[in-house]
Amino acid sequence: METKLLPADDKGIALACQLLRQGQVVGIPTETVYGLAANALDPEAAHRIYAAKGRPSDNPLIVHIAEFQDLYPLVAHCPKLAEELADAFWPGPLTMIFPKSEKVPAATTGGMDTVAVRMPAHPAARRIIKECGLPLAAPSANLSGKPSPTKASHVYQDMQGRIPLILDGGDCQVGVESTVIAVHEDSVRLLRPGGITVEMLSGYCDVIVDDGVLHQLKEGEKALSPGMKYKHYAPSAQVILLDGPEEAFIQYVNSHAGEGVYAMAGEQEAERLTVPTLLFGGEHEEAEQARQLFDCLRECDEKGAKTVYARLPDSKGVGLAVLNRLLRAAGFAVISLDKEDAHG
Ligand code: TXA
Ligand code: MG
């Protein structure tokens, strides 16, 4: 199949809507990462998404809407708290999980009786949803297991020949996937951290951070969010996280320099490192780190990196999302520089 890559302008959006109404899959921009969109109410369209991504079909898809009223037909019940959070954070990078209505097919929810819904903020995404008149199921537009795409070119790399159209809406402003929460009567459980942070949600209700956010699930443990059980965001290189102060990080990496050894680091750190670096926001630049993270991980592969060192990011704000993705990219490999001799 030929894959067209068009700008997300009037013409591109019109073609996208035509394909979506026919049950096809289209790569679309959102403010978080690019999505692989298709009609959320059509089981065959959902199957096409799983096939294009090479994704296990028990990993449910997020349904994207353009107006708040579009939520009600999709859900069996909407807690009052969810309405308040939607009011505060939609459109934006927040996904909420609801008991699903009968309209939503099991193919979209990976067989679960709940449905995850979000209203994206990217103007092109909202226009597409409105103009095609359908709720759109959309996972991140990467091949399963690869880093999520934050540029149209990333989507093209992974999806060339697999889908008919990709719309280019520029680089994603948030850079990590949406925050996913399960909503209860007066608390929420954070299943995946993202651009809507724990600090932001805490202004409205109690926030319980699920164990799976920062820890590896034990053998046989059930993931509340099936996506959390898969190794994710991984480049082919081995990512190793170093936990410790800047000075110790620099010493450790420099003493482990060698062929195929890279570091992800901010400009200031990069100047003092003897290994080649992939530019990644520095200390206290969590939003910048979030924007650059997936591009960095893709670059590791393009450069043929074998080992990539990164410093454990601060877990404040969107830093928690960066930490969550880096831990998965590293398969939870963290070396503590406080205990280890920095020249190890
Ligand atoms: O920012 C985003 O959310 C992007 C853009 C395209 O909107 N989409 C995205 O989708 O990241 P995906 O499929 O890559 O990740 C969806 C996550 C997975 O971890 C999945 O397991 C979880 O949400 N999820 C979806 N439906 C769920 C449900 N009913 N219950 C629990 N977790 C659910
Ligand atoms: Mg994904």
# chains A, B, ... in the order shown; residues from 1 in each chain; ligands from 1
call {"tool": "select_by_dssp", "arguments": {"residues": "range 124-274 of chain A", "states": "strand (DSSP E)", "output": "ChimeraX atom specification"}}
result
/A:136-137,165-168,179-183,187-192,206-209,238-243,261-265
call {"tool": "write_last_selection", "arguments": {"atoms": "N, CA, C and O atoms", "output": "compact mmCIF listing (two decimals), in the first residue's frame"}}
result
# COMPACT_ATOMS: atom_id res chain seq x y z
N LEU A 136 -12.83 8.61 17.53
CA LEU A 136 -11.70 7.92 16.91
C LEU A 136 -10.86 7.18 17.94
O LEU A 136 -10.35 7.80 18.88
N ALA A 137 -10.70 5.87 17.74
CA ALA A 137 -9.77 5.10 18.56
C ALA A 137 -8.38 5.42 18.03
O ALA A 137 -8.18 5.43 16.82
N LEU A 165 -2.55 6.94 4.82
CA LEU A 165 -2.32 8.39 4.96
C LEU A 165 -1.78 8.76 6.33
O LEU A 165 -2.21 8.23 7.36
N ILE A 166 -0.83 9.71 6.30
CA ILE A 166 -0.33 10.34 7.54
C ILE A 166 -0.48 11.84 7.35
O ILE A 166 -0.08 12.39 6.31
N LEU A 167 -1.05 12.53 8.33
CA LEU A 167 -1.13 13.99 8.27
C LEU A 167 -0.04 14.60 9.14
O LEU A 167 0.13 14.20 10.30
N ASP A 168 0.68 15.58 8.58
CA ASP A 168 1.75 16.25 9.32
C ASP A 168 1.21 17.51 9.97
O ASP A 168 0.84 18.46 9.29
N THR A 179 -1.86 11.52 30.24
CA THR A 179 -2.06 10.98 31.59
C THR A 179 -3.28 10.06 31.55
O THR A 179 -4.31 10.45 31.00
N VAL A 180 -3.16 8.85 32.10
CA VAL A 180 -4.33 7.95 32.16
C VAL A 180 -4.74 7.77 33.62
O VAL A 180 -3.90 7.41 34.46
N ILE A 181 -6.02 8.03 33.90
CA ILE A 181 -6.53 7.84 35.27
C ILE A 181 -7.82 7.04 35.29
O ILE A 181 -8.63 7.12 34.37
N ALA A 182 -7.99 6.26 36.36
CA ALA A 182 -9.28 5.65 36.67
C ALA A 182 -9.94 6.59 37.66
O ALA A 182 -9.31 7.03 38.61
N VAL A 183 -11.21 6.95 37.41
CA VAL A 183 -11.90 7.94 38.24
C VAL A 183 -12.88 7.26 39.18
O VAL A 183 -13.72 6.47 38.75
N SER A 187 -11.76 10.28 44.31
CA SER A 187 -10.31 10.14 44.14
C SER A 187 -10.05 9.59 42.74
O SER A 187 -10.98 9.11 42.07
N VAL A 188 -8.80 9.70 42.31
CA VAL A 188 -8.44 9.09 41.04
C VAL A 188 -7.19 8.23 41.26
O VAL A 188 -6.40 8.49 42.17
N ARG A 189 -7.04 7.22 40.41
CA ARG A 189 -5.84 6.39 40.45
C ARG A 189 -5.05 6.66 39.17
O ARG A 189 -5.58 6.52 38.07
N LEU A 190 -3.81 7.07 39.35
CA LEU A 190 -2.97 7.39 38.19
C LEU A 190 -2.36 6.10 37.65
O LEU A 190 -1.61 5.41 38.33
N LEU A 191 -2.69 5.77 36.39
CA LEU A 191 -2.17 4.55 35.78
C LEU A 191 -1.00 4.85 34.86
O LEU A 191 -0.12 4.01 34.67
N ARG A 192 -1.01 6.04 34.25
CA ARG A 192 0.12 6.44 33.40
C ARG A 192 0.30 7.94 33.55
O ARG A 192 -0.64 8.70 33.28
N ASP A 206 -8.14 13.53 45.69
CA ASP A 206 -7.00 12.71 46.09
C ASP A 206 -6.47 11.96 44.88
O ASP A 206 -7.27 11.49 44.06
N VAL A 207 -5.16 11.83 44.79
CA VAL A 207 -4.56 11.11 43.67
C VAL A 207 -3.74 9.95 44.22
O VAL A 207 -2.83 10.15 45.02
N ILE A 208 -4.11 8.74 43.82
CA ILE A 208 -3.35 7.55 44.23
C ILE A 208 -2.48 7.17 43.03
O ILE A 208 -2.99 6.96 41.93
N VAL A 209 -1.17 7.12 43.25
CA VAL A 209 -0.28 6.75 42.15
C VAL A 209 -0.16 5.23 42.16
O VAL A 209 0.29 4.63 43.13
N GLN A 238 20.84 -0.55 24.76
CA GLN A 238 20.54 -0.73 26.18
C GLN A 238 20.58 0.65 26.85
O GLN A 238 21.61 1.32 26.84
N VAL A 239 19.45 1.08 27.38
CA VAL A 239 19.41 2.35 28.11
C VAL A 239 19.72 2.04 29.58
O VAL A 239 19.15 1.11 30.14
N ILE A 240 20.65 2.79 30.16
CA ILE A 240 20.98 2.60 31.59
C ILE A 240 20.78 3.92 32.32
O ILE A 240 21.32 4.96 31.91
N LEU A 241 19.98 3.89 33.37
CA LEU A 241 19.71 5.11 34.14
C LEU A 241 20.66 5.19 35.31
O LEU A 241 20.90 4.19 36.00
N LEU A 242 21.19 6.38 35.52
CA LEU A 242 22.12 6.60 36.63
C LEU A 242 21.44 7.54 37.62
O LEU A 242 20.95 8.60 37.25
N ASP A 243 21.42 7.12 38.87
CA ASP A 243 20.77 7.89 39.92
C ASP A 243 21.83 8.55 40.81
O ASP A 243 22.55 7.85 41.52
N VAL A 261 29.01 3.87 22.93
CA VAL A 261 28.50 4.40 24.19
C VAL A 261 28.09 5.86 24.01
O VAL A 261 28.87 6.68 23.52
N TYR A 262 26.85 6.16 24.35
CA TYR A 262 26.30 7.50 24.23
C TYR A 262 25.70 7.94 25.55
O TYR A 262 25.49 7.12 26.44
N ALA A 263 25.39 9.25 25.64
CA ALA A 263 24.65 9.73 26.80
C ALA A 263 23.54 10.65 26.33
O ALA A 263 23.66 11.31 25.29
N MET A 264 22.45 10.66 27.08
CA MET A 264 21.38 11.65 26.86
C MET A 264 21.59 12.68 27.96
O MET A 264 21.58 12.33 29.14
N ALA A 265 21.79 13.94 27.56
CA ALA A 265 22.12 14.94 28.59
C ALA A 265 21.82 16.34 28.11
O ALA A 265 21.73 16.60 26.90
call {"tool": "residues_near_ligand", "arguments": {"ligand": "ligand 2", "cutoff": "7 Å", "atoms": "only C-alpha atoms and all ligand atoms", "output": "number ranges by chain"}}
result
A: 139-140, 148
call {"tool": "write_last_selection", "arguments": {"atoms": "all heavy atoms", "output": "PDB file, in the first residue's frame"}}
result
ATOM      1  N   PRO A 139      -4.243   4.651  19.216  1.00  0.00           N
ATOM      2  CA  PRO A 139      -3.042   4.418  20.019  1.00  0.00           C
ATOM      3  C   PRO A 139      -1.915   5.279  19.452  1.00  0.00           C
ATOM      4  O   PRO A 139      -2.084   5.886  18.387  1.00  0.00           O
ATOM      5  CB  PRO A 139      -2.763   2.939  19.786  1.00  0.00           C
ATOM      6  CG  PRO A 139      -3.230   2.685  18.388  1.00  0.00           C
ATOM      7  CD  PRO A 139      -4.387   3.626  18.155  1.00  0.00           C
ATOM      8  N   SER A 140      -0.796   5.336  20.138  1.00  0.00           N
ATOM      9  CA  SER A 140       0.361   6.028  19.581  1.00  0.00           C
ATOM     10  C   SER A 140       0.738   5.355  18.255  1.00  0.00           C
ATOM     11  O   SER A 140       0.614   4.143  18.104  1.00  0.00           O
ATOM     12  CB  SER A 140       1.517   5.983  20.566  1.00  0.00           C
ATOM     13  OG  SER A 140       1.728   4.654  21.021  1.00  0.00           O
ATOM     14  N   SER A 148       7.274   6.099  20.992  1.00  0.00           N
ATOM     15  CA  SER A 148       6.128   6.802  20.392  1.00  0.00           C
ATOM     16  C   SER A 148       6.624   7.906  19.459  1.00  0.00           C
ATOM     17  O   SER A 148       7.680   8.476  19.668  1.00  0.00           O
ATOM     18  CB  SER A 148       5.263   7.420  21.484  1.00  0.00           C
ATOM     19  OG  SER A 148       4.645   6.412  22.236  1.00  0.00           O
TER      20      SER A 148
END
call {"tool": "closest_residue", "arguments": {"among": "A:Cys172, A:Leu81, A:Met159, A:Val33", "to": "Ala52 in chain A", "atoms": "only C-alpha atoms"}}
result
A:Met159
call {"tool": "residues_around", "arguments": {"residues": "Lys80 in chain A", "least_positions_apart": "4", "cutoff": "9 Å", "atoms": "only C-alpha atoms", "output": "PyMOL selection string"}}
result
chain A and resi 84-85+185-186
call {"tool": "residues_around", "arguments": {"residues": "Val117 in chain A", "least_positions_apart": "5", "cutoff": "10 Å", "atoms": "only C-alpha atoms", "output": "PDB file with C-alpha atoms, in the first residue's frame"}}
result
ATOM      1  CA  LEU A  61      -7.299   1.733  22.657  1.00  0.00           C
ATOM      2  CA  ILE A  62      -8.091   5.284  23.779  1.00  0.00           C
ATOM      3  CA  VAL A  63     -11.212   6.823  22.193  1.00  0.00           C
ATOM      4  CA  HIS A  64     -10.825  10.471  21.113  1.00  0.00           C
ATOM      5  CA  ILE A  65     -13.736  12.935  21.066  1.00  0.00           C
ATOM      6  CA  LEU A  71     -18.673  11.303  25.906  1.00  0.00           C
ATOM      7  CA  LEU A  74     -19.673   5.953  24.956  1.00  0.00           C
ATOM      8  CA  VAL A  75     -20.053   5.407  28.701  1.00  0.00           C
ATOM      9  CA  LEU A  94      -5.864  13.633  30.130  1.00  0.00           C
ATOM     10  CA  THR A  95      -7.454  10.215  29.505  1.00  0.00           C
ATOM     11  CA  MET A  96     -10.180   8.976  31.843  1.00  0.00           C
ATOM     12  CA  ILE A  97     -11.473   5.422  32.158  1.00  0.00           C
ATOM     13  CA  PHE A  98     -15.218   4.804  32.355  1.00  0.00           C
ATOM     14  CA  LYS A 100     -18.282   1.397  28.664  1.00  0.00           C
ATOM     15  CA  PRO A 135     -15.216   9.024  17.863  1.00  0.00           C
ATOM     16  CA  LEU A 136     -11.705   7.916  16.907  1.00  0.00           C
ATOM     17  CA  ALA A 137      -9.770   5.102  18.557  1.00  0.00           C
ATOM     18  CA  VAL A 180      -4.329   7.950  32.158  1.00  0.00           C
TER      19      VAL A 180
END
call {"tool": "residues_around", "arguments": {"residues": "Gly170 in chain A", "least_positions_apart": "2", "cutoff": "9 Å", "atoms": "only C-alpha atoms", "output": "number ranges by chain"}}
result
A: 7-8, 29, 150-152, 168, 172-173
call {"tool": "closest_residue", "arguments": {"among": "A:Cys300, A:Ile250, A:Cys78, A:Ala37", "to": "Arg272 in chain A", "atoms": "only C-alpha atoms"}}
result
A:Ile250
call {"tool": "closest_residue", "arguments": {"among": "A:Phe68, A:Tyr156, A:Phe332, A:Tyr233", "to": "ligand 1", "atoms": "only C-alpha atoms and all ligand atoms"}}
result
A:Tyr233
call {"tool": "closest_residue", "arguments": {"among": "A:Gly23, A:Pro147, A:Gly133, A:Gly317", "to": "ligand 1", "atoms": "only C-alpha atoms and all ligand atoms"}}
result
A:Pro147
